[in-house]
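K.L.:
There's a structure below that I have some questions on.
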Amino acid sequence: MTKTAVNIAGIAMKNPVCTASGTFGYGDEFGKFYDISRLGGIMVKGVSAEPWLGNKGVRIAETASGMLNSVGLQNPGVDYFLEHYLPKLRKKDLAVIVNMVGHSVEEYAAAVEKLDGHEGIAGLEVNISCPNLKAGGLAYGTDPKMAAEVTTEVRKRTKLPVIMKLSPNVTSIAEIARAVEAAGADGVSLINTLLGMAIDVKTRRPILGNVVGGLSGPVIKPVALRMVWQVHQAVQIPIIGRGGIVTASDAIEFMLVGATGVAIGCGNFINPMTAVEVVDGIKEWLDKEGVTDINEIIGGLRIG
Amino acid sequence: MVLSAKGQVLQNIAVQTGIYEMTISAPEIAKSAIPGQFVMVRPIYRSFEPFLNRPFGISNINAVKGTINILYIIVGKGTDLMRELREGDDVFLIGPVGNGFTIKPEQKNIALVAGGMGIAPLLPLAKTLREKGVTTYGLMGASKAAALVGTDAWQENGVQVQIATDDGSVGQRGFVTALLEDLLNKEKIDFIYCCGPTPMMACTVEIAEKHGVPIEVSLEKRMGCGIGVCMGCICKLKEADGSVKQYRVCYDGPVFRGEEVVFDD
Ligand SMILES: Cc1cc2nc3c(=O)[nH]c(=O)nc-3n(C[C@H](O)[C@H](O)[C@H](O)COP(=O)(O)OP(=O)(O)OC[C@H]3O[C@@H](n4cnc5c(N)ncnc54)[C@H](O)[C@@H]3O)c2cc1C
Ligand SMILES: Cc1cc2nc3c(=O)[nH]c(=O)nc-3n(C[C@H](O)[C@H](O)[C@H](O)COP(=O)(O)O)c2cc1C
Ligand code: FES
């Protein structure tokens with residue numbers, strides 16, 4: 001029997017495949033396509049202490065091999081999540097990782113305090129790609145000090161595994177990863193979307209209502225692989241890798257550069273079966289390669 | 001039941017300049033689809049380019065033959081690829097997506113109001129209404145005669161068709177909403193179904209409200225997923241308590257009560 005189970009910062013998963021925040025809702029909708037218990041884990045749509053309405057105008061633009069979104073983290077808030085979605089997720093056999101956001105350290109703190117202590121939450125994934133309104137809108141994840149500050153504040157309010165979700169819009173992703181590791185993070189998740197734009201030449205206007213948005217999909221995979229590889233060399237804590245995964249081969253590439261877990265993002269949009277096809281495909285690959293334990297391939301990149 | 005399925009192209013023909021009709025064999029989807037629902041289409045099965053699936057209203061449902069049709073106008077990359085498809089080609093489909101039109105037994109006189117390609121979801125609806133034996137008026141607005149589609153199929157289903165074109169090349173010159181005003185002044189209509197460009201739908205809802213006729217509209221938004229998870233296709237609805245709430249066009253719609261929709265963009 002091939003062993004596909006992994007343990008990420010104390011979160012046990014029967015396979016390394018999760019669904020990325022914002023691309024899978026809270027699990028409800030995908031129940032129509034397959035039993036989500038087939039997945040290793042779910043990172044739910046980012047929740048904030050209070051509900052957020054998100055951005056105005058057009059929120060989606062297609063790009064070459066990917067897409068831009070300016071959804072703006074619309075979400076019903078932690079309380080609604082706990083009341084309406086967590087009870088259903090609890091009945092499923094998969095790790096429920098709650099992605100959370102805030103506009104200030106106080107908002108992050110308020111969100112953790114509400115989330116802590118609820119049965120059925122396997123860990124927290126902290127999105128630090130959103131702007132710090134007190135620092136002129138600079139994203140927390142683009143500054144090692146600010147990233148560490150959020151990590152510390154979340155860390156001291158919960159015993160749950162804390163996974164910091166890193167922003168790729170930085171010069172040195174390794175520096176940010178080291179900063180959150182030192183501040184007590186149990187793991188890192190990367191990458192979030194890359195800041196981008198799309199223009200309509202007919203109207204000479206941006207396509208997105210918010211002007212700029214986050215780029216995701218196969219177009220970002222090479223950048224994401226490079227970043228996971230750099231972070232793997234920089235820190236000891238486990239990595240959940242993502243960015244453009246649409247096939248099992250993509251997922252295996254992330255594990256080879258050092259990811260313990262992987263997440264499917266907008267690959268869920270283009271084919272609702274992507275995540276389970278990746279689960280099956282990884283298993284097939286391991287069997288074909290004669291690998292008996294998936295943990296053997298983590299960071300197994302052959303160089304030189 | 002929403003499915004992701006492989007469909008096979010049976011026919012793909014031009015019905016007007018730049019407008020095509022595709023017949024697709026997709027038995028599972030054809031079995032469960034109702035008028036007003038749509039499908040997400042990926043023209044090249046299993047490819048990752050273009051990246052997103054495209055939404056199209058289902059323009060004909062044939063449960064017996066296991067086929068659905070889509071009626072589409074060429075606008076960009078995706079529809080350009082769709083035009084190239086030939087008999088026997090595979091397409092990737094997610095569907096039927098969304099909630100269709102609601103049909104109530106007490107409705108006896110119905111108006112369908114279409115603008116351009118907005119006629120697509122109103123074609124299977126006409127077929128269903130005919131089976132119910134109601135009187136149906138079909139008001140169609142198009143830019144010009146050469147952009148007119150679907151009205152023959154309406155006629156075949158017993159719909160009393162009236163046309164308005166911007167240039168007067170066929171039917172009455174002007175907007176389809178003027179036809180609606182006239183109809184509502186002459187006939188007692190008890191329900192309106194509408195699909196078309198947003199400003200046209202906003203105007204149609206206004207007229208319907210003025211005459212006190214309930215109306216359903218089918219909205220259009222850019223879509224990332226079509227299955228309710230990306231939050232890309234948000235519209236706003238007025239709640240009973242006066243507040244405004246956000247809904248997903250793909251999952252909570254695309255059909256909504258016209259009176260509830262906030263047409264602000
Ligand atoms: C619920 C729904 C039903 C629809 N039904 C029909 C129909 O029956 N017949 C028909 O001809 N068209 C219909 N449309 C519009 C159709 O989806 C677009 O014309 C099509 O997506 C354009 O794709 P493209 O690749 O050719 O254009 P591109 O401009 O290359 O597309 C780029 C991106 O923008 C999106 N996009 C562009 N125009 C639109 C638009 N008007 N609405 C939504 N997304 C758009 C595309 O899906 C794609 O993601 C419908 C749209 C919705 C939301
Ligand atoms: C529509 C959309 C919404 C997203 N929402 C969130 C979110 O709420 N929180 C978050 O941390 N990441 C969010 N992301 C980022 C994804 O979780 C993921 O990190 C990114 O899309 C890269 O992976 P992919 O290329 O596989 O999509 C979102 C992405 C998309 C496309
Ligand atoms: S298109 Fe993704 S939620 Fe509607």
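Letters for chains follow the order of the structure tokens (A, B, ...), residue numbers begin at 1 for each chain, and ligand numbers begin at 1 in the order shown.
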Could you make a table, as JSON lines, of the residues of chain A that have an atom within 6 Å of an atom of chain B, each with its nearest atom pair and distance in Å to one decimal, counting only C-alpha atoms, in chain and number order?
P.N.:
```
{"residue": "A:Thr23", "atom": "CA", "partner": "B:Cys230", "partner_atom": "CA", "distance": 5.5}
{"residue": "A:Phe24", "atom": "CA", "partner": "B:Val229", "partner_atom": "CA", "distance": 5.4}
{"residue": "A:Gly25", "atom": "CA", "partner": "B:Val229", "partner_atom": "CA", "distance": 4.8}
{"residue": "A:Arg59", "atom": "CA", "partner": "B:Gly232", "partner_atom": "CA", "distance": 5.2}
{"residue": "A:Ile60", "atom": "CA", "partner": "B:Gly232", "partner_atom": "CA", "distance": 5.7}
{"residue": "A:Ser65", "atom": "CA", "partner": "B:Phe51", "partner_atom": "CA", "distance": 5.4}
{"residue": "A:Gly66", "atom": "CA", "partner": "B:Phe51", "partner_atom": "CA", "distance": 5.6}
{"residue": "A:Phe269", "atom": "CA", "partner": "B:Cys225", "partner_atom": "CA", "distance": 4.4}
{"residue": "A:Ile270", "atom": "CA", "partner": "B:Leu52", "partner_atom": "CA", "distance": 5.8}
```
K.L.:
Write out as a PyMOL selection string each polymer residue (protein, DNA or RNA) that has an atom no more than 6 Å from ligand 2, with only C-alpha atoms and all ligand atoms counted.
P.N.:
(chain A and resi 20-23+45-46+69+73+127+191-193+216-217+242-245+264-267) or (chain B and resi 230)
K.L.:
Just the selected residues (N, CA and C atoms), exported as a PDB file, in the first residue's frame, please.
P.N.:
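Written out: again-v4.pdb:
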```
ATOM      1  N   ALA A  20      -7.619  25.620  -2.426  1.00  0.00           N
ATOM      2  CA  ALA A  20      -7.121  26.923  -1.984  1.00  0.00           C
ATOM      3  C   ALA A  20      -8.253  27.877  -1.643  1.00  0.00           C
ATOM      4  N   SER A  21      -7.979  28.722  -0.677  1.00  0.00           N
ATOM      5  CA  SER A  21      -8.971  29.695  -0.214  1.00  0.00           C
ATOM      6  C   SER A  21      -9.504  30.568  -1.350  1.00  0.00           C
ATOM      7  N   GLY A  22     -10.817  30.731  -1.356  1.00  0.00           N
ATOM      8  CA  GLY A  22     -11.448  31.615  -2.333  1.00  0.00           C
ATOM      9  C   GLY A  22     -11.806  30.934  -3.637  1.00  0.00           C
ATOM     10  N   THR A  23     -11.497  29.640  -3.728  1.00  0.00           N
ATOM     11  CA  THR A  23     -11.778  28.938  -4.979  1.00  0.00           C
ATOM     12  C   THR A  23     -12.692  27.739  -4.759  1.00  0.00           C
ATOM     13  N   LYS A  45     -12.854  29.907   2.116  1.00  0.00           N
ATOM     14  CA  LYS A  45     -12.800  31.310   1.692  1.00  0.00           C
ATOM     15  C   LYS A  45     -12.458  32.174   2.905  1.00  0.00           C
ATOM     16  N   GLY A  46     -11.540  33.121   2.722  1.00  0.00           N
ATOM     17  CA  GLY A  46     -11.083  33.968   3.821  1.00  0.00           C
ATOM     18  C   GLY A  46     -12.219  34.601   4.610  1.00  0.00           C
ATOM     19  N   ASN A  69      -8.414  38.404 -10.448  1.00  0.00           N
ATOM     20  CA  ASN A  69      -9.652  38.644  -9.715  1.00  0.00           C
ATOM     21  C   ASN A  69      -9.478  39.842  -8.802  1.00  0.00           C
ATOM     22  N   LEU A  73     -12.105  39.960  -1.272  1.00  0.00           N
ATOM     23  CA  LEU A  73     -12.322  39.218  -0.023  1.00  0.00           C
ATOM     24  C   LEU A  73     -13.728  39.351   0.552  1.00  0.00           C
ATOM     25  N   ASN A 127      -4.118  35.054   5.874  1.00  0.00           N
ATOM     26  CA  ASN A 127      -3.848  35.790   4.632  1.00  0.00           C
ATOM     27  C   ASN A 127      -3.267  37.151   4.993  1.00  0.00           C
ATOM     28  N   ILE A 191       1.889  30.245  -3.189  1.00  0.00           N
ATOM     29  CA  ILE A 191       1.833  31.696  -3.118  1.00  0.00           C
ATOM     30  C   ILE A 191       0.381  32.193  -3.213  1.00  0.00           C
ATOM     31  N   ASN A 192       0.201  33.399  -2.738  1.00  0.00           N
ATOM     32  CA  ASN A 192      -1.051  34.086  -2.990  1.00  0.00           C
ATOM     33  C   ASN A 192      -0.956  34.664  -4.402  1.00  0.00           C
ATOM     34  N   THR A 193      -1.946  35.437  -4.814  1.00  0.00           N
ATOM     35  CA  THR A 193      -1.953  35.940  -6.199  1.00  0.00           C
ATOM     36  C   THR A 193      -0.938  37.065  -6.398  1.00  0.00           C
ATOM     37  N   SER A 216      -3.734  34.562 -11.025  1.00  0.00           N
ATOM     38  CA  SER A 216      -3.617  33.162 -10.604  1.00  0.00           C
ATOM     39  C   SER A 216      -3.701  32.271 -11.831  1.00  0.00           C
ATOM     40  N   GLY A 217      -3.464  30.977 -11.621  1.00  0.00           N
ATOM     41  CA  GLY A 217      -3.555  30.028 -12.725  1.00  0.00           C
ATOM     42  C   GLY A 217      -2.183  29.588 -13.219  1.00  0.00           C
ATOM     43  N   ARG A 242       1.212  26.160  -3.798  1.00  0.00           N
ATOM     44  CA  ARG A 242       0.144  26.317  -4.786  1.00  0.00           C
ATOM     45  C   ARG A 242       0.540  27.400  -5.769  1.00  0.00           C
ATOM     46  N   GLY A 243      -0.262  27.512  -6.803  1.00  0.00           N
ATOM     47  CA  GLY A 243      -0.050  28.507  -7.857  1.00  0.00           C
ATOM     48  C   GLY A 243      -0.077  27.786  -9.179  1.00  0.00           C
ATOM     49  N   GLY A 244      -1.271  27.755  -9.800  1.00  0.00           N
ATOM     50  CA  GLY A 244      -1.404  27.198 -11.136  1.00  0.00           C
ATOM     51  C   GLY A 244      -1.465  25.688 -11.228  1.00  0.00           C
ATOM     52  N   ILE A 245      -1.785  25.024 -10.128  1.00  0.00           N
ATOM     53  CA  ILE A 245      -1.876  23.558 -10.212  1.00  0.00           C
ATOM     54  C   ILE A 245      -3.181  23.161 -10.912  1.00  0.00           C
ATOM     55  N   ILE A 264      -5.178  23.362  -4.686  1.00  0.00           N
ATOM     56  CA  ILE A 264      -5.712  23.677  -6.012  1.00  0.00           C
ATOM     57  C   ILE A 264      -6.531  24.953  -5.890  1.00  0.00           C
ATOM     58  N   GLY A 265      -6.185  25.952  -6.678  1.00  0.00           N
ATOM     59  CA  GLY A 265      -6.905  27.227  -6.652  1.00  0.00           C
ATOM     60  C   GLY A 265      -7.888  27.316  -7.799  1.00  0.00           C
ATOM     61  N   CYS A 266      -7.627  28.217  -8.726  1.00  0.00           N
ATOM     62  CA  CYS A 266      -8.604  28.422  -9.791  1.00  0.00           C
ATOM     63  C   CYS A 266      -8.689  27.239 -10.754  1.00  0.00           C
ATOM     64  N   GLY A 267      -7.831  26.237 -10.563  1.00  0.00           N
ATOM     65  CA  GLY A 267      -8.014  24.974 -11.289  1.00  0.00           C
ATOM     66  C   GLY A 267      -9.380  24.361 -10.995  1.00  0.00           C
TER      67      GLY A 267
ATOM     68  N   CYS B 230     -16.469  31.546  -6.768  1.00  0.00           N
ATOM     69  CA  CYS B 230     -15.420  32.565  -6.915  1.00  0.00           C
ATOM     70  C   CYS B 230     -15.872  33.959  -6.490  1.00  0.00           C
TER      71      CYS B 230
END
```
K.L.:
Residues at most 8 Å from segment 80-84 of chain B, counting only C-alpha atoms, excluding those fewer than 3 positions away in the same chain, as a PyMOL selection string?
P.N.:
chain B and resi 12+20+43-44+74-77
K.L.:
Output C-alpha atoms for every residue in that selection, as a PDB file, in the first residue's frame.
P.N.:
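Writing done, so here's part.pdb:
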```pdb
ATOM      1  CA  ASN B  12     -22.474  24.036 -35.701  1.00  0.00           C
ATOM      2  CA  TYR B  20     -23.909  30.554 -34.773  1.00  0.00           C
ATOM      3  CA  PRO B  43     -14.424  24.796 -26.586  1.00  0.00           C
ATOM      4  CA  ILE B  44     -11.344  22.574 -26.550  1.00  0.00           C
ATOM      5  CA  ILE B  74     -18.691  35.829 -31.955  1.00  0.00           C
ATOM      6  CA  VAL B  75     -17.081  38.359 -29.623  1.00  0.00           C
ATOM      7  CA  GLY B  76     -13.578  37.159 -28.777  1.00  0.00           C
ATOM      8  CA  LYS B  77     -11.190  34.299 -28.250  1.00  0.00           C
TER       9      LYS B  77
END
```
K.L.:
When distances are computed from only C-alpha atoms, which of A:Met197, A:Arg226, A:Asn15, A:Ile207 shows the smallest separation from Thr2 of chain A?
P.N.:
A:Asn15
K.L.:
When distances are computed from only C-alpha atoms and all ligand atoms, which of A:Gly117, A:Gly300, A:Gly102, A:Pro272 shows the smallest separation from ligand 3?
P.N.:
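Nearest to ligand 3: A:Pro272.
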K.L.:
Any idea what's packed within 9 Å of Val150 of chain A, counting only C-alpha atoms, ignoring anything in its chain fewer than 5 positions away? Could you give it as a list of chain:residue names?
P.N.:
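Residues near the query, excluding close chain neighbours: A:Ser104, A:Val105, A:Tyr108, A:Ala109, A:Val126, A:Ile128, A:Tyr140, A:Lys145, A:Arg155, A:Val180, A:Ala183.
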K.L.:
By how many Å are atom CA of Thr79 of chain B and atom CA of Gly118 of chain B apart?
P.N.:
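Taking atom CA of Thr79 of chain B as the start and atom CA of Gly118 of chain B as the end point, the length is 16.1 Å.
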K.L.:
Counting only C-alpha atoms, which residue out of B:Gly174, B:Gly116, B:Gly138, B:Gly196 sits closest to Asn157 of chain B?
P.N.:
B:Gly138
K.L.:
So that I can see what lies close to Ala224 of chain A, please list as a PyMOL selection string the residues with an atom at most 12 Å from it, counting only C-alpha atoms and leaving out residues fewer than 6 positions away in the same chain.
P.N.:
chain A and resi 166-169+173+189-194+215-218+230-231+239-245+250-251+253-255+257-259+262-263
K.L.:
Near Lys159 of chain A, within 12 Å and counting only C-alpha atoms, which residues show up once chain neighbours fewer than 6 positions away are dropped, as an NGL selection string?
P.N.:
:A and (9-10 or 112-113 or 115-118 or 121-124 or 184-186)
K.L.:
Please identify all polymer residues within 10 Å of Thr177 of chain B, counting only C-alpha atoms, omitting same-chain residues fewer than 6 positions from it, and present them as a PyMOL selection string.
P.N.:
chain B and resi 113-115+139-141+164+183+200-201+203-208
K.L.:
Rank B:Gln37, B:Thr135, B:Ser143, B:Gln160 by their smallest atom-to-atom distance to ligand 1, using only C-alpha atoms and all ligand atoms, and report the top residue only.
P.N.:
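Looking only at the distances to ligand 1, the closest residue turns out to be B:Gln37.
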K.L.:
For the helix (DSSP H, G or I) assignment from backbone DSSP, which residues of segment 53-269 of chain A qualify? Please present them as JSON, numbers by chain.
P.N.:
{"A": [78, 79, 80, 81, 82, 83, 84, 85, 86, 87, 88, 89, 90, 105, 106, 107, 108, 109, 110, 111, 112, 113, 114, 115, 133, 134, 135, 140, 141, 142, 144, 145, 146, 147, 148, 149, 150, 151, 152, 153, 154, 155, 173, 174, 175, 176, 177, 178, 179, 180, 181, 182, 218, 219, 220, 221, 222, 223, 224, 225, 226, 227, 228, 229, 230, 231, 232, 233, 234, 248, 249, 250, 251, 252, 253, 254, 255, 256, 267, 268, 269]}
